[in-house]
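Participant: This is protein_35.cif (mmCIF, C-alpha atoms, pLDDT in the B column; chains and numbers go by the auth columns).
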data_run
#
loop_
_atom_site.group_PDB
_atom_site.id
_atom_site.type_symbol
_atom_site.label_atom_id
_atom_site.label_comp_id
_atom_site.label_asym_id
_atom_site.label_seq_id
_atom_site.Cartn_x
_atom_site.Cartn_y
_atom_site.Cartn_z
_atom_site.B_iso_or_equiv
_atom_site.auth_seq_id
_atom_site.auth_asym_id
ATOM 1 C CA MET A 1 125.749 80.504 118.406 86.00 1 J
ATOM 2 C CA LEU A 2 127.590 82.615 115.844 84.00 2 J
ATOM 3 C CA SER A 3 129.687 85.554 116.946 94.00 3 J
ATOM 4 C CA GLN A 4 128.906 88.907 115.383 95.00 4 J
ATOM 5 C CA GLN A 5 131.939 88.594 113.134 96.00 5 J
ATOM 6 C CA GLU A 6 130.928 85.126 111.970 95.00 6 J
ATOM 7 C CA PHE A 7 127.381 86.292 111.314 94.00 7 J
ATOM 8 C CA TYR A 8 128.411 89.238 109.132 95.00 8 J
ATOM 9 C CA ALA A 9 131.057 87.220 107.302 95.00 9 J
ATOM 10 C CA ALA A 10 128.460 84.538 106.541 92.00 10 J
ATOM 11 C CA LYS A 11 125.935 87.152 105.424 92.00 11 J
ATOM 12 C CA LEU A 12 128.427 88.709 102.999 93.00 12 J
ATOM 13 C CA ALA A 13 129.306 85.265 101.642 94.00 13 J
ATOM 14 C CA TYR A 14 125.730 84.814 100.419 96.00 14 J
ATOM 15 C CA GLU A 15 124.569 88.314 99.501 97.00 15 J
ATOM 16 C CA MET A 16 125.547 90.889 96.901 97.00 16 J
ATOM 17 C CA ASP A 17 124.310 94.411 96.291 96.00 17 J
ATOM 18 C CA ALA A 18 123.898 96.068 92.897 96.00 18 J
ATOM 19 C CA ALA A 19 127.402 97.542 92.970 94.00 19 J
ATOM 20 C CA ASP A 20 128.881 94.121 93.827 95.00 20 J
ATOM 21 C CA VAL A 21 127.065 92.489 90.907 97.00 21 J
ATOM 22 C CA TRP A 22 127.957 95.297 88.495 95.00 22 J
ATOM 23 C CA SER A 23 131.629 95.161 89.483 94.00 23 J
ATOM 24 C CA ALA A 24 131.757 91.381 89.185 96.00 24 J
ATOM 25 C CA LEU A 25 130.151 91.484 85.736 95.00 25 J
ATOM 26 C CA GLN A 26 132.544 94.209 84.577 93.00 26 J
ATOM 27 C CA ALA A 27 135.473 92.121 85.850 96.00 27 J
ATOM 28 C CA GLY A 28 134.277 89.175 83.776 97.00 28 J
ATOM 29 C CA GLU A 29 133.386 86.970 86.726 97.00 29 J
ATOM 30 C CA LYS A 30 131.135 84.068 85.835 97.00 30 J
ATOM 31 C CA LEU A 31 127.761 85.177 87.212 98.00 31 J
ATOM 32 C CA VAL A 32 124.325 84.148 86.014 98.00 32 J
ATOM 33 C CA LEU A 33 121.515 86.483 87.020 98.00 33 J
ATOM 34 C CA ILE A 34 118.419 84.474 87.944 98.00 34 J
ATOM 35 C CA ASP A 35 115.089 86.301 87.941 98.00 35 J
ATOM 36 C CA ALA A 36 113.118 84.237 90.463 98.00 36 J
ATOM 37 C CA ARG A 37 109.853 86.108 89.865 98.00 37 J
ATOM 38 C CA ALA A 38 106.968 84.934 87.699 97.00 38 J
ATOM 39 C CA GLU A 39 107.568 84.855 83.934 96.00 39 J
ATOM 40 C CA GLU A 40 105.056 87.691 83.479 96.00 40 J
ATOM 41 C CA ALA A 41 107.144 90.030 85.668 96.00 41 J
ATOM 42 C CA PHE A 42 110.318 88.969 83.848 97.00 42 J
ATOM 43 C CA ARG A 43 108.777 89.881 80.471 96.00 43 J
ATOM 44 C CA LYS A 44 107.816 93.332 81.777 96.00 44 J
ATOM 45 C CA GLU A 45 111.269 94.257 83.138 96.00 45 J
ATOM 46 C CA THR A 46 114.388 92.496 84.297 97.00 46 J
ATOM 47 C CA LEU A 47 118.138 92.909 84.528 97.00 47 J
ATOM 48 C CA PRO A 48 120.050 92.780 81.244 96.00 48 J
ATOM 49 C CA GLY A 49 121.190 89.240 80.542 97.00 49 J
ATOM 50 C CA ALA A 50 119.044 87.692 83.274 98.00 50 J
ATOM 51 C CA VAL A 51 117.490 84.257 82.928 98.00 51 J
ATOM 52 C CA SER A 52 113.918 83.634 84.029 98.00 52 J
ATOM 53 C CA VAL A 53 113.591 80.690 86.419 98.00 53 J
ATOM 54 C CA PRO A 54 110.566 81.364 88.638 98.00 54 J
ATOM 55 C CA HIS A 55 111.119 79.994 92.132 98.00 55 J
ATOM 56 C CA ARG A 56 107.741 78.239 92.031 98.00 56 J
ATOM 57 C CA ILE A 57 108.929 75.911 89.261 97.00 57 J
ATOM 58 C CA MET A 58 112.564 75.445 90.283 98.00 58 J
ATOM 59 C CA ASP A 59 113.565 71.804 90.247 98.00 59 J
ATOM 60 C CA GLU A 60 116.246 69.648 88.636 98.00 60 J
ATOM 61 C CA ALA A 61 114.549 69.778 85.220 98.00 61 J
ATOM 62 C CA SER A 62 113.911 73.543 85.128 98.00 62 J
ATOM 63 C CA THR A 63 117.483 74.314 86.226 98.00 63 J
ATOM 64 C CA ALA A 64 119.322 71.672 84.187 98.00 64 J
ATOM 65 C CA HIS A 65 120.542 74.315 81.714 98.00 65 J
ATOM 66 C CA LEU A 66 122.233 76.407 84.412 98.00 66 J
ATOM 67 C CA PRO A 67 126.007 76.094 84.847 98.00 67 J
ATOM 68 C CA LYS A 68 127.258 74.468 88.035 96.00 68 J
ATOM 69 C CA ASP A 69 130.585 76.320 87.779 97.00 69 J
ATOM 70 C CA ALA A 70 129.105 79.830 87.946 98.00 70 J
ATOM 71 C CA VAL A 71 127.766 81.924 90.794 98.00 71 J
ATOM 72 C CA LEU A 72 124.013 82.229 90.391 98.00 72 J
ATOM 73 C CA VAL A 73 122.585 85.525 91.647 98.00 73 J
ATOM 74 C CA SER A 74 118.916 85.191 92.562 98.00 74 J
ATOM 75 C CA PHE A 75 116.815 88.359 92.496 98.00 75 J
ATOM 76 C CA CYS A 76 113.235 89.578 92.620 97.00 76 J
ATOM 77 C CA ASP A 77 111.462 92.959 92.885 96.00 77 J
ATOM 78 C CA GLY A 78 113.128 94.013 96.088 93.00 78 J
ATOM 79 C CA ILE A 79 112.663 94.293 99.793 89.00 79 J
ATOM 80 C CA GLY A 80 108.897 93.678 99.677 91.00 80 J
ATOM 81 C CA CYS A 81 109.314 90.410 97.773 93.00 81 J
ATOM 82 C CA ASN A 82 110.933 87.171 98.918 96.00 82 J
ATOM 83 C CA ALA A 83 111.103 85.318 95.591 97.00 83 J
ATOM 84 C CA SER A 84 114.878 85.835 95.539 98.00 84 J
ATOM 85 C CA THR A 85 115.263 84.172 98.942 97.00 85 J
ATOM 86 C CA LYS A 86 112.984 81.274 97.984 98.00 86 J
ATOM 87 C CA GLY A 87 114.880 80.905 94.709 98.00 87 J
ATOM 88 C CA ALA A 88 118.291 81.075 96.383 98.00 88 J
ATOM 89 C CA LEU A 89 117.298 78.372 98.857 98.00 89 J
ATOM 90 C CA LYS A 90 115.962 76.081 96.128 98.00 90 J
ATOM 91 C CA LEU A 91 119.034 76.625 93.945 98.00 91 J
ATOM 92 C CA ALA A 92 121.358 75.929 96.875 98.00 92 J
ATOM 93 C CA ARG A 93 119.447 72.718 97.629 98.00 93 J
ATOM 94 C CA LEU A 94 119.972 71.751 93.978 98.00 94 J
ATOM 95 C CA GLY A 95 123.730 72.103 94.408 98.00 95 J
ATOM 96 C CA PHE A 96 124.361 75.532 92.886 98.00 96 J
ATOM 97 C CA ASN A 97 126.673 78.222 94.249 98.00 97 J
ATOM 98 C CA VAL A 98 124.174 81.012 94.969 98.00 98 J
ATOM 99 C CA ARG A 99 124.107 84.612 96.119 98.00 99 J
ATOM 100 C CA GLU A 100 121.058 86.821 96.657 98.00 100 J
ATOM 101 C CA LEU A 101 120.874 90.319 95.174 98.00 101 J
ATOM 102 C CA GLN A 102 119.977 92.602 98.057 96.00 102 J
ATOM 103 C CA GLY A 103 117.303 95.130 97.154 96.00 103 J
ATOM 104 C CA GLY A 104 116.518 93.296 93.925 97.00 104 J
ATOM 105 C CA LEU A 105 115.337 95.101 90.826 96.00 105 J
ATOM 106 C CA ASP A 106 114.204 98.089 92.894 95.00 106 J
ATOM 107 C CA TRP A 107 117.646 98.892 94.294 95.00 107 J
ATOM 108 C CA TRP A 108 119.327 98.027 90.987 96.00 108 J
ATOM 109 C CA VAL A 109 117.284 100.853 89.429 94.00 109 J
ATOM 110 C CA ARG A 110 117.793 103.196 92.408 93.00 110 J
ATOM 111 C CA ASP A 111 121.548 102.730 92.036 92.00 111 J
ATOM 112 C CA GLY A 112 121.292 103.867 88.423 92.00 112 J
ATOM 113 C CA TYR A 113 121.844 100.635 86.482 94.00 113 J
ATOM 114 C CA ALA A 114 119.920 99.839 83.304 93.00 114 J
ATOM 115 C CA THR A 115 117.132 97.302 83.041 95.00 115 J
ATOM 116 C CA THR A 116 115.465 95.849 79.989 95.00 116 J
ATOM 117 C CA ALA A 117 112.814 98.572 80.315 93.00 117 J
ATOM 118 C CA ARG A 118 114.876 101.565 81.498 89.00 118 J
ATOM 119 C CA VAL A 119 118.047 103.246 80.384 87.00 119 J
ATOM 120 C CA GLY A 120 120.562 103.636 83.154 77.00 120 J
ATOM 121 C CA VAL A 121 124.138 104.594 83.734 66.00 121 J
ATOM 122 C CA ALA A 122 126.216 102.845 86.322 60.00 122 J
ATOM 123 C CA VAL A 123 126.933 105.078 89.268 61.00 123 J
ATOM 124 C CA SER A 124 129.459 104.644 92.015 60.00 124 J
ATOM 125 C CA CYS A 125 128.227 102.971 95.153 61.00 125 J
ATOM 126 C CA ALA A 126 127.142 105.415 97.823 55.00 126 J
ATOM 127 C CA CYS A 127 128.043 103.021 100.634 61.00 127 J
#
Have the structure of the file written as structure tokens, please.
Facilitator:
Amino acid sequence: MLSQQEFYAAKLAYEMDAADVWSALQAGEKLVLIDARAEEAFRKETLPGAVSVPHRIMDEASTAHLPKDAVLVSFCDGIGCNASTKGALKLARLGFNVRELQGGLDWWVRDGYATTARVGVAVSCAC
């Protein structure tokens, strides 16, 4: 059984929030944002620069174009959707280094960051 410290350290090793992602992108870290939702949702609104790879079709062929030397950040709509978790698990099984964006698109917008459908201004993290 994991201790509390081990649990939280492991959790932080595999999750990022909007401020974490924003900071990493601004620092030039090699992240690839993976929209794990259906293509239709991706076309409606997504994170700037994101790549659409719906979790339902993730396999070696559909992910062959993704870099193995980057951190892939899987995301979906938010807390009421588990496409990001399903995508993160599939990507990890395919050998990628993966993190999950906590709160997904919903919290990205709530934190004030832009999407392909909304203008936003980065705000400082309230946490």
Participant: Name all residues at most 10 Å from stretch 48-62 of chain J (count all atoms listed in the file; drop same-chain ones fewer than 6 positions away) and give them as an NGL selection string.
Facilitator: :J and (31-42 or 73-76 or 82-91 or 93-95 or 113-117)
Participant: For atom CA of J:Met1 and atom CA of J:Glu15, quote the distance in Å rounded to one decimal.
Facilitator: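 According to the coordinates, atom CA of J:Met1 and atom CA of J:Glu15 are separated by 20.5 Å.
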Participant: Looking at J:Met16, J:Ala24, J:Ser3, J:Gly78, which one is nearest to J:Gly104, with distances taken over all atoms listed in the file?
Facilitator: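 Under the stated criterion, the closest residue is J:Gly78.
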Participant: Which value, in Å to one decimal, gives the distance between atom CA of J:Asp77 and atom CA of J:Gln4?
Facilitator: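 About the pair atom CA of J:Asp77 and atom CA of J:Gln4: they are 28.8 Å apart.
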Participant: Interatomic distance between atom CA of J:Arg110 and atom CA of J:Ile79?
Facilitator: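 Those two atoms sit 12.7 Å apart.
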Participant: Got a sec to write stretch 69-115 of chain J of the block to a file, N, CA and C atoms, as a compact mmCIF listing (two decimals), in the first residue's frame?
Facilitator:
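File result.txt, as written:
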# COMPACT_ATOMS: atom_id res chain seq x y z
N ASP J 69 9.55 11.42 -27.77
CA ASP J 69 10.43 12.16 -26.87
C ASP J 69 9.76 13.38 -26.25
N ALA J 70 8.46 13.49 -26.40
CA ALA J 70 7.71 14.61 -25.82
C ALA J 70 6.79 14.09 -24.72
N VAL J 71 6.32 15.00 -23.89
CA VAL J 71 5.27 14.66 -22.93
C VAL J 71 3.95 14.92 -23.63
N LEU J 72 3.11 13.90 -23.70
CA LEU J 72 1.79 14.06 -24.29
C LEU J 72 0.82 14.38 -23.16
N VAL J 73 0.01 15.42 -23.36
CA VAL J 73 -0.96 15.84 -22.35
C VAL J 73 -2.35 15.56 -22.89
N SER J 74 -2.98 14.53 -22.35
CA SER J 74 -4.31 14.11 -22.78
C SER J 74 -5.36 14.96 -22.08
N PHE J 75 -6.35 15.42 -22.85
CA PHE J 75 -7.43 16.21 -22.25
C PHE J 75 -8.75 15.92 -22.92
N CYS J 76 -9.82 16.31 -22.22
CA CYS J 76 -11.18 16.17 -22.74
C CYS J 76 -11.98 17.39 -22.28
N ASP J 77 -13.30 17.26 -22.16
CA ASP J 77 -14.13 18.39 -21.74
C ASP J 77 -13.86 18.83 -20.32
N GLY J 78 -13.70 17.89 -19.44
CA GLY J 78 -13.48 18.24 -18.04
C GLY J 78 -13.92 17.15 -17.11
N ILE J 79 -14.29 17.56 -15.91
CA ILE J 79 -14.55 16.61 -14.84
C ILE J 79 -15.68 15.63 -15.14
N GLY J 80 -16.62 15.99 -15.98
CA GLY J 80 -17.73 15.10 -16.31
C GLY J 80 -17.44 14.18 -17.47
N CYS J 81 -16.22 14.16 -17.94
CA CYS J 81 -15.82 13.36 -19.11
C CYS J 81 -14.56 12.58 -18.74
N ASN J 82 -14.47 11.34 -19.18
CA ASN J 82 -13.26 10.57 -18.87
C ASN J 82 -12.46 10.19 -20.12
N ALA J 83 -12.69 10.89 -21.22
CA ALA J 83 -11.92 10.61 -22.44
C ALA J 83 -10.43 10.86 -22.22
N SER J 84 -10.08 11.85 -21.39
CA SER J 84 -8.67 12.13 -21.15
C SER J 84 -8.01 10.96 -20.41
N THR J 85 -8.72 10.38 -19.46
CA THR J 85 -8.17 9.25 -18.71
C THR J 85 -8.04 8.03 -19.61
N LYS J 86 -9.06 7.75 -20.41
CA LYS J 86 -8.99 6.63 -21.35
C LYS J 86 -7.86 6.84 -22.35
N GLY J 87 -7.73 8.07 -22.84
CA GLY J 87 -6.65 8.38 -23.78
C GLY J 87 -5.28 8.26 -23.13
N ALA J 88 -5.14 8.78 -21.92
CA ALA J 88 -3.85 8.69 -21.23
C ALA J 88 -3.44 7.24 -21.01
N LEU J 89 -4.37 6.40 -20.63
CA LEU J 89 -4.07 4.99 -20.41
C LEU J 89 -3.64 4.32 -21.72
N LYS J 90 -4.38 4.58 -22.79
CA LYS J 90 -4.02 3.97 -24.08
C LYS J 90 -2.65 4.46 -24.56
N LEU J 91 -2.40 5.76 -24.42
CA LEU J 91 -1.11 6.31 -24.85
C LEU J 91 0.04 5.73 -24.01
N ALA J 92 -0.17 5.59 -22.72
CA ALA J 92 0.86 5.00 -21.86
C ALA J 92 1.12 3.56 -22.28
N ARG J 93 0.07 2.82 -22.57
CA ARG J 93 0.24 1.42 -23.02
C ARG J 93 0.99 1.35 -24.35
N LEU J 94 0.91 2.42 -25.14
CA LEU J 94 1.61 2.47 -26.42
C LEU J 94 3.05 2.97 -26.27
N GLY J 95 3.46 3.24 -25.05
CA GLY J 95 4.84 3.61 -24.78
C GLY J 95 5.14 5.10 -24.72
N PHE J 96 4.11 5.93 -24.67
CA PHE J 96 4.32 7.37 -24.59
C PHE J 96 4.45 7.83 -23.15
N ASN J 97 5.11 8.97 -22.96
CA ASN J 97 5.20 9.64 -21.67
C ASN J 97 3.98 10.56 -21.59
N VAL J 98 3.06 10.28 -20.70
CA VAL J 98 1.75 10.94 -20.72
C VAL J 98 1.42 11.60 -19.38
N ARG J 99 0.75 12.73 -19.48
CA ARG J 99 0.14 13.41 -18.34
C ARG J 99 -1.33 13.66 -18.72
N GLU J 100 -2.16 13.84 -17.71
CA GLU J 100 -3.57 14.16 -17.94
C GLU J 100 -3.83 15.58 -17.47
N LEU J 101 -4.50 16.36 -18.29
CA LEU J 101 -4.87 17.73 -17.94
C LEU J 101 -6.09 17.69 -17.02
N GLN J 102 -5.88 18.04 -15.77
CA GLN J 102 -6.98 18.05 -14.81
C GLN J 102 -7.95 19.18 -15.13
N GLY J 103 -9.23 18.85 -15.14
CA GLY J 103 -10.26 19.84 -15.42
C GLY J 103 -10.52 20.06 -16.90
N GLY J 104 -9.62 19.55 -17.74
CA GLY J 104 -9.80 19.60 -19.18
C GLY J 104 -10.07 20.98 -19.75
N LEU J 105 -10.78 20.99 -20.84
CA LEU J 105 -11.13 22.23 -21.54
C LEU J 105 -11.91 23.18 -20.63
N ASP J 106 -12.79 22.63 -19.82
CA ASP J 106 -13.61 23.45 -18.93
C ASP J 106 -12.75 24.30 -17.99
N TRP J 107 -11.81 23.67 -17.30
CA TRP J 107 -10.98 24.43 -16.36
C TRP J 107 -9.95 25.29 -17.08
N TRP J 108 -9.53 24.88 -18.26
CA TRP J 108 -8.64 25.72 -19.08
C TRP J 108 -9.32 27.07 -19.31
N VAL J 109 -10.59 27.03 -19.70
CA VAL J 109 -11.36 28.25 -19.96
C VAL J 109 -11.60 29.01 -18.65
N ARG J 110 -11.98 28.31 -17.60
CA ARG J 110 -12.22 28.97 -16.30
C ARG J 110 -10.99 29.70 -15.79
N ASP J 111 -9.81 29.15 -16.11
CA ASP J 111 -8.57 29.80 -15.68
C ASP J 111 -8.16 30.95 -16.59
N GLY J 112 -8.92 31.19 -17.65
CA GLY J 112 -8.72 32.37 -18.47
C GLY J 112 -7.85 32.18 -19.70
N TYR J 113 -7.54 30.95 -20.06
CA TYR J 113 -6.69 30.72 -21.24
C TYR J 113 -7.55 30.63 -22.50
N ALA J 114 -6.97 31.00 -23.62
CA ALA J 114 -7.68 31.00 -24.90
C ALA J 114 -7.90 29.58 -25.41
N THR J 115 -8.96 29.44 -26.19
CA THR J 115 -9.21 28.22 -26.95
C THR J 115 -9.32 28.61 -28.41
